[in-house]
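A.B. asks: One structure, pasted below without further comment.
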Amino acid sequence: MTDDELVEAVRARVKAGQPTNFASTLAAPELASLDEVEDAERAIGFRLPPLVRRLYLEIADGGIGPFLGFSPLHDEELGMVNVYLSCLNAEPSPEDPPALPPGVLFLCDFGCAMWALLDCRHPAGQMWWWEEGDRHKLDLTFPQWIQAWIEGDLTHDYMEARRLLDESWVGPWADEQP
């Protein structure tokens, strides 16, 4: 699917009252303004991938997408920028996982300490999977990931099957190492 087709498919889900996977989320938030998007990009030091940018500007400032939906850009508690800056500036304890690389954002909360992460260093937005501190780069770009959601294929198993070892990290508590 092209970016235009993906935007229209997401717009159709939102219009049908299905902006996320949960029936309790019936309406999407307001759009992000261009100033809000540009402020977010300055704060993280990377430009958002084009399709991600379009969804925030044309559909909603978070609250759409898989499971609980994308994080809003600037919310005080759950905003993508605030979480990113908090993680970037945190002083981890020895048992914490190593910090994420600069430009990798917590994008979408799957619940139960699982997150889809977005790598803004990649032009299309490389996707990562975070599960209870373990993280894996995925063999998926954001457009492929959002298409899998639209088509009903985006499951835990789907993402597990696309794990890459490059830049992945598995905690010392794991039974198997990458």
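Labels used: A, B, ... for chains in the order of the structure tokens, numbers from 1 for residues in each chain, and numbers from 1 for ligands as shown.
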Residues of segment 12-100 of chain A in alpha helix (DSSP H) according to DSSP, as a tab-separated table (two decimals) with N, CA and C atoms, in the first residue's frame?

C.D. replies:
chain	number	residue	atom	x	y	z
A	12	ALA	N	-10.40	5.77	7.56
A	12	ALA	CA	-11.64	4.98	7.50
A	12	ALA	C	-11.90	4.27	8.83
A	13	ARG	N	-10.86	3.73	9.45
A	13	ARG	CA	-11.02	3.08	10.77
A	13	ARG	C	-11.50	4.08	11.81
A	14	VAL	N	-10.89	5.26	11.81
A	14	VAL	CA	-11.27	6.29	12.76
A	14	VAL	C	-12.72	6.71	12.53
A	15	LYS	N	-13.08	6.92	11.27
A	15	LYS	CA	-14.44	7.32	10.92
A	15	LYS	C	-15.46	6.25	11.32
A	34	LEU	N	1.20	21.70	13.11
A	34	LEU	CA	2.54	21.68	12.53
A	34	LEU	C	3.56	22.15	13.56
A	35	ASP	N	3.22	23.17	14.35
A	35	ASP	CA	4.13	23.64	15.40
A	35	ASP	C	4.42	22.55	16.42
A	36	GLU	N	3.40	21.78	16.80
A	36	GLU	CA	3.60	20.69	17.77
A	36	GLU	C	4.51	19.60	17.20
A	37	VAL	N	4.31	19.27	15.94
A	37	VAL	CA	5.15	18.25	15.29
A	37	VAL	C	6.59	18.76	15.19
A	38	GLU	N	6.76	19.99	14.76
A	38	GLU	CA	8.11	20.54	14.62
A	38	GLU	C	8.79	20.69	15.98
A	39	ASP	N	8.04	21.06	17.03
A	39	ASP	CA	8.60	21.12	18.39
A	39	ASP	C	9.07	19.74	18.83
A	40	ALA	N	8.27	18.71	18.54
A	40	ALA	CA	8.65	17.34	18.89
A	40	ALA	C	9.93	16.95	18.16
A	41	GLU	N	10.01	17.26	16.89
A	41	GLU	CA	11.20	16.91	16.10
A	41	GLU	C	12.45	17.62	16.62
A	42	ARG	N	12.30	18.88	17.02
A	42	ARG	CA	13.45	19.60	17.60
A	42	ARG	C	13.87	18.95	18.92
A	43	ALA	N	12.90	18.58	19.73
A	43	ALA	CA	13.20	18.00	21.04
A	43	ALA	C	13.91	16.66	20.93
A	44	ILE	N	13.49	15.84	19.97
A	44	ILE	CA	14.12	14.51	19.84
A	44	ILE	C	15.37	14.55	18.96
A	50	PRO	N	7.98	10.28	7.36
A	50	PRO	CA	6.89	10.95	6.65
A	50	PRO	C	5.49	10.43	6.97
A	51	LEU	N	5.29	9.12	6.99
A	51	LEU	CA	3.95	8.59	7.25
A	51	LEU	C	3.53	8.85	8.69
A	52	VAL	N	4.43	8.74	9.62
A	52	VAL	CA	4.12	9.03	11.03
A	52	VAL	C	3.69	10.49	11.14
A	53	ARG	N	4.47	11.36	10.53
A	53	ARG	CA	4.18	12.80	10.54
A	53	ARG	C	2.78	13.08	9.99
A	54	ARG	N	2.47	12.45	8.87
A	54	ARG	CA	1.15	12.65	8.25
A	54	ARG	C	0.02	12.20	9.17
A	55	LEU	N	0.20	11.06	9.82
A	55	LEU	CA	-0.88	10.57	10.70
A	55	LEU	C	-1.13	11.54	11.85
A	56	TYR	N	-0.07	12.11	12.43
A	56	TYR	CA	-0.24	13.09	13.50
A	56	TYR	C	-0.88	14.38	12.98
A	57	LEU	N	-0.49	14.81	11.79
A	57	LEU	CA	-1.01	16.06	11.23
A	57	LEU	C	-2.39	15.92	10.59
A	58	GLU	N	-2.69	14.76	10.02
A	58	GLU	CA	-3.93	14.60	9.25
A	58	GLU	C	-5.01	13.79	9.94
A	80	MET	N	4.98	11.26	23.90
A	80	MET	CA	6.15	10.64	23.30
A	80	MET	C	7.42	11.43	23.58
A	81	VAL	N	7.35	12.75	23.47
A	81	VAL	CA	8.54	13.58	23.67
A	81	VAL	C	8.97	13.54	25.14
A	82	ASN	N	8.04	13.68	26.06
A	82	ASN	CA	8.40	13.68	27.49
A	82	ASN	C	8.97	12.34	27.92
A	83	VAL	N	8.40	11.24	27.45
A	83	VAL	CA	8.93	9.91	27.78
A	83	VAL	C	10.33	9.75	27.20
A	84	TYR	N	10.51	10.19	25.96
A	84	TYR	CA	11.83	10.10	25.31
A	84	TYR	C	12.88	10.88	26.09
A	85	LEU	N	12.56	12.14	26.42
A	85	LEU	CA	13.54	12.97	27.14
A	85	LEU	C	13.81	12.41	28.53
A	86	SER	N	12.79	11.88	29.19
A	86	SER	CA	12.99	11.26	30.51
A	86	SER	C	13.93	10.07	30.42
A	87	CYS	N	13.72	9.23	29.42
A	87	CYS	CA	14.59	8.06	29.24
A	87	CYS	C	16.01	8.48	28.87
A	88	LEU	N	16.12	9.48	28.02
A	88	LEU	CA	17.43	9.95	27.56
A	88	LEU	C	18.23	10.53	28.73
A	89	ASN	N	17.56	11.20	29.65
A	89	ASN	CA	18.24	11.87	30.76
A	89	ASN	C	18.27	11.05	32.05

A.B. asks: For segment 166-169 of chain A, work out the shell of residues within 7 Å, counting only C-alpha atoms and skipping chain neighbours fewer than 3 positions away, then give it as a list in words.

C.D. replies: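 Surrounding residues, per the criterion: Asp134, Arg135, His136 and Lys137 of chain A.
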
A.B. asks: Might you pull out every residue within 12 Å of Pro29 of chain A, with only C-alpha atoms counted and same-chain residues fewer than 6 positions away left off, and present them as a ChimeraX atom specification?

C.D. replies: /A:14,19-20,55-64,69-73,75

A.B. asks: Identify all residues of segment 106-153 of chain A in strand (DSSP E or B) (DSSP on the backbone) and supply them as a PDB file with C-alpha atoms, in the first residue's frame.

C.D. replies:
ATOM      1  CA  PHE A 106       8.144   4.713  22.633  1.00  0.00           C
ATOM      2  CA  LEU A 107       5.330   4.927  20.067  1.00  0.00           C
ATOM      3  CA  CYS A 108       2.523   2.535  20.926  1.00  0.00           C
ATOM      4  CA  ASP A 109       1.584   0.917  24.259  1.00  0.00           C
ATOM      5  CA  PHE A 110       0.539  -2.718  23.925  1.00  0.00           C
ATOM      6  CA  GLY A 111      -0.025  -3.066  27.688  1.00  0.00           C
ATOM      7  CA  MET A 114       5.094  -4.214  25.891  1.00  0.00           C
ATOM      8  CA  TRP A 115       5.674  -1.345  23.478  1.00  0.00           C
ATOM      9  CA  ALA A 116       6.170  -0.759  19.788  1.00  0.00           C
ATOM     10  CA  LEU A 117       9.139   1.570  19.359  1.00  0.00           C
ATOM     11  CA  LEU A 118       9.831   3.851  16.407  1.00  0.00           C
ATOM     12  CA  ASP A 119      13.368   4.456  15.147  1.00  0.00           C
ATOM     13  CA  GLN A 126      12.292   1.140  11.593  1.00  0.00           C
ATOM     14  CA  MET A 127      10.088  -0.597  14.154  1.00  0.00           C
ATOM     15  CA  TRP A 128      11.314  -2.149  17.392  1.00  0.00           C
ATOM     16  CA  TRP A 129       9.568  -4.338  19.975  1.00  0.00           C
ATOM     17  CA  TRP A 130       9.993  -3.803  23.745  1.00  0.00           C
ATOM     18  CA  GLU A 131       8.834  -6.515  26.106  1.00  0.00           C
ATOM     19  CA  ASP A 134      14.008  -6.818  26.361  1.00  0.00           C
ATOM     20  CA  ARG A 135      14.068  -5.056  23.034  1.00  0.00           C
ATOM     21  CA  HIS A 136      14.432  -6.198  19.481  1.00  0.00           C
ATOM     22  CA  LYS A 137      14.770  -4.327  16.246  1.00  0.00           C
ATOM     23  CA  LEU A 138      12.177  -5.680  13.825  1.00  0.00           C
ATOM     24  CA  ASP A 139      12.414  -6.410  10.147  1.00  0.00           C
ATOM     25  CA  LEU A 140       9.551  -3.949   9.609  1.00  0.00           C
ATOM     26  CA  THR A 141       9.292  -0.313   8.693  1.00  0.00           C
TER      27      THR A 141
END

A.B. asks: State, in Å with one decimal place, the distance from atom CA of Pro66 of chain A to atom CA of Ala32 of chain A.

C.D. replies: 18.7 Å

A.B. asks: Taking only C-alpha atoms into account, name the residue in A:Trp145, A:Gly125, A:Cys120, A:Tyr158 that is nearest to Pro101 of chain A.

C.D. replies: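 That would be A:Cys120, the residue with the smallest distance to Pro101 of chain A.
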
A.B. asks: Report, in Å to a single decimal, how far apart atom CA of Phe142 of chain A and atom CA of Met159 of chain A are.

C.D. replies: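 Answer for the atom CA of Met159 of chain A to atom CA of Phe142 of chain A separation: 12.4 Å.
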
A.B. asks: Can you tell me, as a list in words, what residues are no more than 10 Å from Asp96 of chain A when counting only C-alpha atoms, ignoring any on the same chain fewer than 3 positions away?

C.D. replies: Glu91, Pro92, Ser93, Ala99, Gly133 and Gly171 of chain A
